[in-house]
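Dropping entry20.txt in here (compact mmCIF, C-alpha atoms and all ligand atoms):
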# COMPACT_ATOMS: atom_id res chain seq x y z
CA MET A 1 12.98 -27.74 55.75
CA GLU A 2 9.28 -27.82 56.49
CA GLU A 3 8.08 -25.97 53.46
CA LEU A 4 8.91 -26.68 49.88
CA SER A 5 11.71 -24.41 48.78
CA ILE A 6 12.21 -24.09 45.04
CA LYS A 7 15.22 -22.78 43.19
CA ILE A 8 14.77 -21.94 39.53
CA SER A 9 17.92 -21.76 37.41
CA GLN A 10 18.91 -18.60 35.61
CA GLU A 11 18.40 -20.24 32.21
CA VAL A 12 14.84 -21.34 33.06
CA ASN A 13 13.97 -17.97 34.65
CA GLU A 14 15.27 -16.16 31.61
CA GLY A 15 13.39 -18.59 29.34
CA ASN A 16 10.13 -17.96 31.18
CA ARG A 17 10.67 -14.22 31.18
CA THR A 18 11.34 -14.03 27.44
CA ARG A 19 8.72 -16.67 26.61
CA LYS A 20 11.29 -19.04 25.24
CA ALA A 21 10.32 -22.71 25.12
CA VAL A 22 11.31 -24.71 28.23
CA VAL A 23 11.53 -28.52 28.49
CA ALA A 24 11.52 -30.31 31.84
CA LEU A 25 13.81 -33.34 32.22
CA GLU A 26 13.64 -35.97 34.94
CA SER A 27 16.61 -37.10 37.02
CA THR A 28 15.87 -40.60 38.35
CA VAL A 29 17.30 -41.81 35.06
CA LEU A 30 20.59 -40.18 36.15
CA THR A 31 20.59 -41.24 39.77
CA HIS A 32 19.07 -44.72 39.46
CA GLY A 33 18.55 -45.63 35.79
CA LEU A 34 22.03 -45.46 34.27
CA PRO A 35 25.54 -46.32 35.49
CA ARG A 36 28.36 -43.79 35.88
CA PRO A 37 29.81 -42.16 33.84
CA GLN A 38 27.15 -42.61 31.15
CA ASN A 39 24.59 -40.93 33.41
CA LEU A 40 26.34 -37.54 33.48
CA GLN A 41 27.16 -37.69 29.78
CA LEU A 42 23.53 -38.45 29.00
CA ALA A 43 22.30 -35.59 31.18
CA ARG A 44 24.57 -33.17 29.35
CA ASP A 45 23.64 -34.57 25.95
CA MET A 46 19.91 -34.32 26.71
CA GLU A 47 20.29 -30.70 27.75
CA GLY A 48 22.32 -30.12 24.57
CA ALA A 49 19.62 -31.73 22.41
CA VAL A 50 16.98 -29.46 23.97
CA ARG A 51 19.10 -26.33 23.36
CA GLU A 52 19.92 -27.33 19.76
CA ASN A 53 16.20 -27.50 19.13
CA GLY A 54 15.62 -23.98 20.40
CA ALA A 55 14.42 -24.58 23.97
CA ALA A 56 15.85 -24.21 27.49
CA PRO A 57 16.35 -27.43 29.50
CA ALA A 58 15.05 -27.65 33.06
CA THR A 59 16.51 -30.75 34.69
CA ILE A 60 14.60 -31.27 37.92
CA ALA A 61 16.07 -32.71 41.12
CA PHE A 62 16.45 -32.24 44.87
CA LEU A 63 19.75 -30.91 46.23
CA ASP A 64 20.05 -30.59 50.02
CA GLY A 65 16.29 -30.72 50.43
CA CYS A 66 15.63 -27.91 47.96
CA LEU A 67 13.74 -28.54 44.72
CA HIS A 68 15.77 -27.36 41.75
CA ILE A 69 14.11 -26.50 38.45
CA GLY A 70 17.09 -26.39 36.12
CA LEU A 71 20.59 -27.33 37.24
CA SER A 72 23.95 -25.73 36.52
CA ASP A 73 26.60 -28.01 35.04
CA SER A 74 28.33 -28.42 38.40
CA GLU A 75 25.02 -29.26 40.10
CA LEU A 76 24.36 -31.84 37.40
CA GLU A 77 27.78 -33.32 38.01
CA ARG A 78 27.18 -33.44 41.75
CA LEU A 79 23.84 -35.19 41.35
CA ALA A 80 25.24 -37.78 38.94
CA ASN A 81 27.95 -38.70 41.46
CA GLU A 82 26.04 -38.45 44.75
CA ASP A 83 26.10 -41.65 46.76
CA ASN A 84 23.26 -40.90 49.14
CA VAL A 85 20.58 -40.08 46.68
CA TYR A 86 16.87 -40.78 46.91
CA LYS A 87 14.54 -41.86 44.13
CA VAL A 88 11.87 -39.20 44.57
CA GLY A 89 8.26 -39.68 43.63
CA PRO A 90 5.54 -37.36 44.98
CA ARG A 91 5.30 -39.20 48.28
CA ASP A 92 9.02 -38.79 48.92
CA TYR A 93 9.05 -34.99 48.74
CA GLY A 94 8.49 -34.69 52.50
CA THR A 95 11.28 -37.16 53.25
CA VAL A 96 13.97 -35.42 51.21
CA MET A 97 12.85 -32.04 52.55
CA MET A 98 13.05 -33.19 56.19
CA LYS A 99 16.43 -34.86 55.67
CA ALA A 100 17.78 -32.03 53.49
CA ALA A 101 18.73 -34.81 51.09
CA CYS A 102 19.51 -35.10 47.40
CA GLY A 103 17.21 -36.97 45.05
CA GLY A 104 16.49 -37.80 41.44
CA THR A 105 12.85 -37.17 40.58
CA THR A 106 10.84 -39.88 38.81
CA VAL A 107 8.34 -39.10 36.07
CA ALA A 108 5.67 -38.53 38.74
CA GLY A 109 8.05 -36.56 40.95
CA THR A 110 9.10 -34.39 38.01
CA MET A 111 5.50 -33.75 36.99
CA LEU A 112 4.70 -32.51 40.50
CA ALA A 113 7.60 -30.05 40.19
CA CYS A 114 6.32 -28.92 36.77
CA LYS A 115 3.00 -28.06 38.36
CA HIS A 116 4.78 -25.64 40.70
CA ALA A 117 6.86 -24.06 37.94
CA ASP A 118 4.10 -24.03 35.31
CA LEU A 119 6.12 -26.11 32.85
CA LYS A 120 3.99 -27.75 30.19
CA VAL A 121 6.36 -30.06 28.29
CA PHE A 122 8.50 -32.84 29.73
CA ALA A 123 10.77 -35.49 28.20
CA THR A 124 11.63 -38.85 29.73
CA GLY A 125 12.72 -42.28 28.49
CA GLY A 126 9.94 -44.64 29.42
CA ILE A 127 7.18 -44.07 31.93
CA GLY A 128 6.64 -46.46 34.81
CA GLY A 129 3.53 -48.62 34.74
CA VAL A 130 2.01 -51.86 35.94
CA HIS A 131 4.69 -54.44 36.77
CA ARG A 132 4.45 -58.06 35.65
CA ASP A 133 3.45 -60.66 38.24
CA ALA A 134 3.56 -58.14 41.07
CA PRO A 135 0.06 -57.39 42.25
CA PHE A 136 -0.34 -53.72 43.19
CA ASP A 137 3.09 -52.66 41.91
CA ILE A 138 1.71 -49.84 39.82
CA SER A 139 3.98 -46.86 39.28
CA ALA A 140 2.92 -43.52 40.73
CA ASP A 141 3.74 -42.20 37.24
CA LEU A 142 0.29 -43.35 36.11
CA GLN A 143 -1.42 -41.45 38.90
CA ALA A 144 0.51 -38.30 37.98
CA LEU A 145 -0.38 -38.70 34.31
CA ALA A 146 -4.02 -38.96 35.30
CA SER A 147 -4.03 -35.70 37.21
CA ILE A 148 -1.41 -33.21 35.95
CA PRO A 149 -2.22 -31.51 32.64
CA MET A 150 0.98 -31.39 30.62
CA ILE A 151 2.58 -33.02 27.58
CA VAL A 152 4.88 -35.92 28.45
CA VAL A 153 7.14 -37.34 25.74
CA CYS A 154 8.33 -40.94 26.19
CA ALA A 155 9.29 -43.95 24.08
CA GLY A 156 6.38 -45.95 25.45
CA ALA A 157 6.31 -47.69 28.78
CA LYS A 158 9.35 -49.65 29.79
CA ALA A 159 9.25 -53.06 28.13
CA ILE A 160 9.92 -54.72 31.49
CA LEU A 161 6.31 -53.92 32.42
CA ASP A 162 2.96 -55.47 31.72
CA LEU A 163 2.18 -53.27 28.73
CA PRO A 164 -1.46 -54.27 28.10
CA ALA A 165 -2.29 -53.65 31.77
CA THR A 166 -0.43 -50.32 31.69
CA LEU A 167 -2.44 -49.17 28.66
CA GLU A 168 -5.69 -50.32 30.27
CA TYR A 169 -4.88 -48.27 33.35
CA LEU A 170 -4.16 -45.20 31.19
CA GLU A 171 -7.48 -45.70 29.45
CA THR A 172 -9.31 -45.99 32.77
CA MET A 173 -7.65 -42.79 33.96
CA SER A 174 -8.55 -41.03 30.69
CA VAL A 175 -4.98 -40.31 29.61
CA PRO A 176 -4.77 -39.93 25.82
CA VAL A 177 -1.87 -41.91 24.35
CA VAL A 178 -0.56 -40.24 21.19
CA GLY A 179 1.50 -42.29 18.76
CA TYR A 180 3.99 -39.96 17.11
CA GLY A 181 3.78 -41.04 13.47
CA THR A 182 2.56 -44.50 14.51
CA ASP A 183 -0.62 -46.41 15.35
CA GLU A 184 1.28 -48.83 17.57
CA PHE A 185 2.34 -48.17 21.16
CA PRO A 186 6.15 -48.43 21.18
CA ALA A 187 7.80 -50.67 23.77
CA PHE A 188 10.83 -48.61 24.81
CA TYR A 189 13.71 -50.69 23.33
CA SER A 190 11.44 -51.87 20.50
CA ARG A 191 9.27 -49.94 18.08
CA GLU A 192 6.54 -52.56 18.17
CA SER A 193 4.25 -53.95 20.86
CA GLY A 194 1.16 -55.12 18.99
CA LEU A 195 -0.86 -52.65 21.10
CA ASP A 196 -2.81 -49.60 19.91
CA VAL A 197 -2.40 -45.95 20.81
CA SER A 198 -5.54 -43.84 21.19
CA VAL A 199 -4.60 -41.34 18.46
CA LYS A 200 -1.88 -41.04 15.83
CA LEU A 201 -0.42 -37.57 15.19
CA GLU A 202 2.27 -36.48 12.76
CA THR A 203 3.77 -33.15 13.84
CA PRO A 204 4.67 -31.17 17.00
CA GLN A 205 2.04 -28.58 16.06
CA GLU A 206 -0.63 -31.28 15.79
CA ILE A 207 0.32 -32.51 19.25
CA VAL A 208 -0.07 -29.00 20.69
CA ASP A 209 -3.43 -28.55 18.92
CA PHE A 210 -4.56 -31.91 20.27
CA ALA A 211 -3.50 -31.02 23.83
CA LYS A 212 -5.41 -27.73 23.63
CA ALA A 213 -8.50 -29.58 22.41
CA HIS A 214 -8.13 -32.15 25.20
CA TRP A 215 -7.83 -29.56 27.98
CA SER A 216 -10.60 -27.41 26.54
CA THR A 217 -12.99 -30.19 27.55
CA GLY A 218 -12.13 -29.72 31.22
CA SER A 219 -9.98 -32.86 31.36
CA GLN A 220 -7.03 -32.50 33.70
CA SER A 221 -5.05 -35.51 32.54
CA ALA A 222 -1.69 -35.37 30.77
CA VAL A 223 -1.24 -36.02 27.07
CA LEU A 224 1.22 -38.89 26.77
CA VAL A 225 3.24 -38.79 23.54
CA ALA A 226 4.79 -42.11 22.58
CA ASN A 227 7.78 -41.53 20.30
CA PRO A 228 9.27 -44.74 18.89
CA ILE A 229 13.01 -45.32 19.35
CA PRO A 230 15.07 -44.47 16.21
CA LEU A 231 15.18 -47.45 13.88
CA ALA A 232 18.98 -47.73 13.95
CA ASP A 233 19.02 -48.37 17.72
CA ALA A 234 15.81 -50.38 18.08
CA ILE A 235 15.98 -53.96 19.39
CA SER A 236 13.23 -56.32 18.32
CA ARG A 237 10.77 -57.57 20.89
CA SER A 238 11.67 -61.18 20.18
CA GLU A 239 15.31 -60.41 21.01
CA MET A 240 14.41 -58.52 24.22
CA GLU A 241 11.71 -60.78 25.63
CA PRO A 242 13.95 -63.65 26.92
CA HIS A 243 16.21 -61.15 28.73
CA ILE A 244 13.23 -59.40 30.28
CA THR A 245 11.76 -62.72 31.43
CA GLN A 246 15.06 -63.74 32.96
CA ALA A 247 15.61 -60.40 34.74
CA ASN A 248 12.08 -60.49 36.12
CA LYS A 249 12.60 -64.04 37.37
CA GLU A 250 15.87 -63.12 39.09
CA ALA A 251 14.21 -60.14 40.75
CA HIS A 252 11.43 -62.40 41.98
CA ASP A 253 13.86 -65.06 43.28
CA ARG A 254 15.96 -62.45 45.08
CA GLY A 255 12.94 -60.75 46.59
CA ILE A 256 13.64 -57.41 44.90
CA HIS A 257 10.54 -55.25 44.85
CA GLY A 258 9.19 -51.75 45.40
CA LYS A 259 11.28 -48.83 44.23
CA ALA A 260 14.37 -50.99 43.80
CA LEU A 261 12.71 -53.13 41.12
CA THR A 262 12.92 -50.81 38.09
CA PRO A 263 16.62 -49.90 38.61
CA PHE A 264 17.48 -53.59 39.14
CA LEU A 265 15.69 -54.70 35.97
CA LEU A 266 17.24 -51.96 33.80
CA GLN A 267 20.74 -52.77 35.00
CA ARG A 268 20.35 -56.54 34.74
CA ILE A 269 18.97 -56.28 31.21
CA SER A 270 21.89 -54.06 30.23
CA GLU A 271 24.27 -56.79 31.48
CA LEU A 272 22.33 -59.55 29.72
CA THR A 273 22.41 -57.65 26.40
CA GLU A 274 26.06 -56.62 26.86
CA GLY A 275 25.24 -52.94 26.88
CA LYS A 276 23.02 -53.00 23.81
CA SER A 277 19.90 -52.13 25.79
CA MET A 278 21.70 -49.24 27.47
CA ARG A 279 22.73 -47.80 24.10
CA ALA A 280 19.12 -48.08 22.98
CA ASN A 281 18.08 -46.34 26.20
CA LEU A 282 20.46 -43.42 25.54
CA SER A 283 19.29 -43.09 21.94
CA LEU A 284 15.60 -42.95 22.80
CA LEU A 285 16.20 -40.43 25.60
CA LEU A 286 17.92 -38.03 23.19
CA ASN A 287 15.25 -38.59 20.57
CA ASN A 288 12.58 -37.67 23.12
CA ALA A 289 14.45 -34.54 24.24
CA ARG A 290 14.54 -33.34 20.62
CA LEU A 291 10.84 -33.91 20.04
CA ALA A 292 9.90 -32.32 23.39
CA ALA A 293 11.86 -29.18 22.45
CA GLN A 294 9.97 -28.94 19.16
CA ILE A 295 6.65 -29.40 20.96
CA ALA A 296 7.61 -26.79 23.59
CA ARG A 297 8.34 -24.29 20.81
CA ALA A 298 5.00 -24.98 19.14
CA TRP A 299 3.36 -24.61 22.57
CA ARG A 300 4.89 -21.16 23.13
CA MET A 301 3.79 -20.03 19.66
CA THR A 302 0.25 -21.15 20.37
CA GLU A 303 0.31 -19.32 23.72
CA ARG A 304 1.31 -16.13 21.91
CA GLN A 305 -1.49 -16.53 19.37
CA MET A 306 -4.03 -17.04 22.16
CA GLU A 307 -3.05 -13.68 23.64
CA ILE A 308 -3.58 -11.76 20.41
N1 LIG B 401 13.05 -44.22 32.01
C1 LIG B 401 14.33 -44.65 31.82
N2 LIG B 401 15.04 -44.99 32.94
C2 LIG B 401 14.54 -44.81 34.21
C3 LIG B 401 13.21 -44.34 34.40
C4 LIG B 401 12.52 -44.07 33.25
O1 LIG B 401 14.79 -44.76 30.70
O2 LIG B 401 15.28 -45.06 35.17
C5 LIG B 401 12.63 -44.09 35.79
C6 LIG B 401 11.61 -42.96 35.65
O3 LIG B 401 12.03 -41.91 36.50
C7 LIG B 401 10.31 -43.54 36.11
C8 LIG B 401 10.76 -44.55 37.11
O4 LIG B 401 9.45 -42.57 36.64
O5 LIG B 401 11.92 -45.13 36.45
C9 LIG B 401 9.66 -45.53 37.43
O6 LIG B 401 9.95 -46.17 38.63
P1 LIG B 401 8.78 -47.00 39.38
O7 LIG B 401 8.44 -48.13 38.47
O8 LIG B 401 9.41 -47.47 40.67
O9 LIG B 401 7.65 -46.05 39.61
MN MN B 402 6.74 -49.64 41.74
Can you give me the file's structure in the form of structure tokens?
Ligand code: PSU
Ligand code: MN
Amino acid sequence: MEELSIKISQEVNEGNRTRKAVVALESTVLTHGLPRPQNLQLARDMEGAVRENGAAPATIAFLDGCLHIGLSDSELERLANEDNVYKVGPRDYGTVMMKAACGGTTVAGTMLACKHADLKVFATGGIGGVHRDAPFDISADLQALASIPMIVVCAGAKAILDLPATLEYLETMSVPVVGYGTDEFPAFYSRESGLDVSVKLETPQEIVDFAKAHWSTGSQSAVLVANPIPLADAISRSEMEPHITQANKEAHDRGIHGKALTPFLLQRISELTEGKSMRANLSLLLNNARLAAQIARAWRMTERQMEI
């Protein structure tokens, strides 16, 4: 395939036609972030959480070189069990198209798809960022956040990263970081990081109003919403830090780098915490899907008011 071919699911088409809220969901978390069978279960649960909150889910992925916006249940199942599956950021679009391959889209890859389908709200777990002790390993997620105007809901940046450097980069690229009900930037597994967000907001409607204000200035950057993990599943930073240090050291010793680094770290930390970090990961993903659905509904309502 030499030109991007896009297939929009019936549910998403219908949602767009009737002006129902739509929430985009990424798929690298399925193909590279979680083990089987938890990955498929999580994908279904996230879609369920979006629907329960009154929006249509649009899981985004490549199947046979074609970009899918919204997957049927059997397509979701296929993706979760594919062996030859790419991790697709924006630069990998051409590769999967040429090879007619399957791929899970990263935060950046998903945002590029959203631009084509005019989707404004997207839920993920944790964004990529600046890696620790790895000069120039800066996730393309940050570049996408700097240049694609949409609302991205996450639980902070993954704690495996250099969080102060990640926040500095977001500041340089003029990406507002909204703390949902908090002044502190959450650290994925943990609710605390000791680092500040740029603005604290309390409700989905406030987030939509803020995004409108932000884009009315001519800014084209995303609004990053940092939604802390539910208290019941949070793991303190002091408990996580030794595991993160060890996983990073092992990655360094084994020469693991580039796109393999994030999946390796997530899996190794899950082993080191005996699955506790993975449970936290699942909980925060669902929590973000719920909030994104509420924001998407508020967004649609605001769109309607703007037309009147
Ligand atoms: N959040 C999760 N698990 C993941 C990811 C995010 O809970 O696996 C993925 C996202 O798709 C993100 C990617 O875009 O990891 C970042 O990879 P990298 O650091 O190579 O850019
Ligand atoms: Mn990287």
Coordinates of box centre and edge lengths for ligand LIG 401 (chain B), 8 Å on every side, axis-aligned, as lines of an AutoDock Vina configuration file:
center_x = 11.5
center_y = -45.0
center_z = 35.7
size_x = 23.6
size_y = 22.2
size_z = 26.0
Next item on the list: Compute the distance from (25.2, -49.1, 32.1) to each atom, counting all atoms listed in the file, keep the residues with any atom at most 12 Å away, and return them as number ranges by chain; use the coordinates of the file.
Entry: A: 29-42, 263-282
Could those selected residues go to a file with C-alpha atoms, as a compact mmCIF listing (two decimals), keeping the file's coordinate frame?
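Result file follows (out.txt):
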# COMPACT_ATOMS: atom_id res chain seq x y z
CA VAL A 29 17.30 -41.81 35.06
CA LEU A 30 20.59 -40.18 36.15
CA THR A 31 20.59 -41.24 39.77
CA HIS A 32 19.07 -44.72 39.46
CA GLY A 33 18.55 -45.63 35.79
CA LEU A 34 22.03 -45.46 34.27
CA PRO A 35 25.54 -46.32 35.49
CA ARG A 36 28.36 -43.79 35.88
CA PRO A 37 29.81 -42.16 33.84
CA GLN A 38 27.15 -42.61 31.15
CA ASN A 39 24.59 -40.93 33.41
CA LEU A 40 26.34 -37.54 33.48
CA GLN A 41 27.16 -37.69 29.78
CA LEU A 42 23.53 -38.45 29.00
CA PRO A 263 16.62 -49.90 38.61
CA PHE A 264 17.48 -53.59 39.14
CA LEU A 265 15.69 -54.70 35.97
CA LEU A 266 17.24 -51.96 33.80
CA GLN A 267 20.74 -52.77 35.00
CA ARG A 268 20.35 -56.54 34.74
CA ILE A 269 18.97 -56.28 31.21
CA SER A 270 21.89 -54.06 30.23
CA GLU A 271 24.27 -56.79 31.48
CA LEU A 272 22.33 -59.55 29.72
CA THR A 273 22.41 -57.65 26.40
CA GLU A 274 26.06 -56.62 26.86
CA GLY A 275 25.24 -52.94 26.88
CA LYS A 276 23.02 -53.00 23.81
CA SER A 277 19.90 -52.13 25.79
CA MET A 278 21.70 -49.24 27.47
CA ARG A 279 22.73 -47.80 24.10
CA ALA A 280 19.12 -48.08 22.98
CA ASN A 281 18.08 -46.34 26.20
CA LEU A 282 20.46 -43.42 25.54
Margin query: Around ligand LIG 401 (chain B), out to 9 Å and counting only C-alpha atoms and all ligand atoms, which residues are there? I want them as number ranges by chain.
Written below: A: 26-34, 87-89, 104-110, 124-131, 137-142, 154-155, 157-158, 161, 188, 257-263, 266, 278, 281-282, 284-285
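Taking all atoms listed in the file into account, ligand MN 402 (chain B) lies nearest to A:Ile160 out of the set A:Leu286, A:Val175, A:Val50, A:Ile160.
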Item checked: Test item: which residues lie within 12 Å of (10.7, -53.3, 20.7) counting all atoms listed in the file, as JSON, numbers by chain -> {"A": [155, 156, 157, 158, 159, 160, 163, 184, 185, 186, 187, 188, 189, 190, 191, 192, 193, 194, 195, 228, 229, 230, 231, 233, 234, 235, 236, 237, 238, 239, 240, 241, 244, 277, 280, 281, 284]}
Next item on the list: Give the answer as one residue: which of A:Val22, A:Ile256, A:Met150, A:Leu67 has the shortest atom-to-atom distance to ligand MN 402 (chain B), using all atoms listed in the file?
Entry: A:Ile256
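Using all atoms listed in the file, the shortest contact distance between A:Asp118 and any of A:Val197, A:Ile8, A:Glu2, A:Thr203 is found at A:Ile8.
Among A:Ala134, A:Ala144, A:Ile60, A:Leu119, the residue with the shortest atom-to-atom distance to ligand MN 402 (chain B), counting only C-alpha atoms and all ligand atoms, is A:Ala134.
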Next item on the list: Identify, on the basis of all atoms listed in the file, every residue whose closest approach to A:Cys102 does not exceed 7 Å; exclude the query and any residue fewer than 3 positions from it along the same chain; express the result as an MDAnalysis selection string.
Entry: chainID A and resid 62:65 85:86 96
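For the atom pair formed by atom CA of A:Gln205 and atom CA of A:Lys120, the distance is 14.3 Å, given to one decimal.
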Notebook entry, point to check: What separation in Å, quoted to one decimal, exists between atom CA of A:Ser221 and atom CA of A:Ser174?
Noted result: 6.8 Å
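Each of A:Pro176, A:Pro135, A:Gly218, A:Pro242 was checked against ligand MN 402 (chain B) using only C-alpha atoms and all ligand atoms; the smallest atom-to-atom distance is that of A:Pro135.
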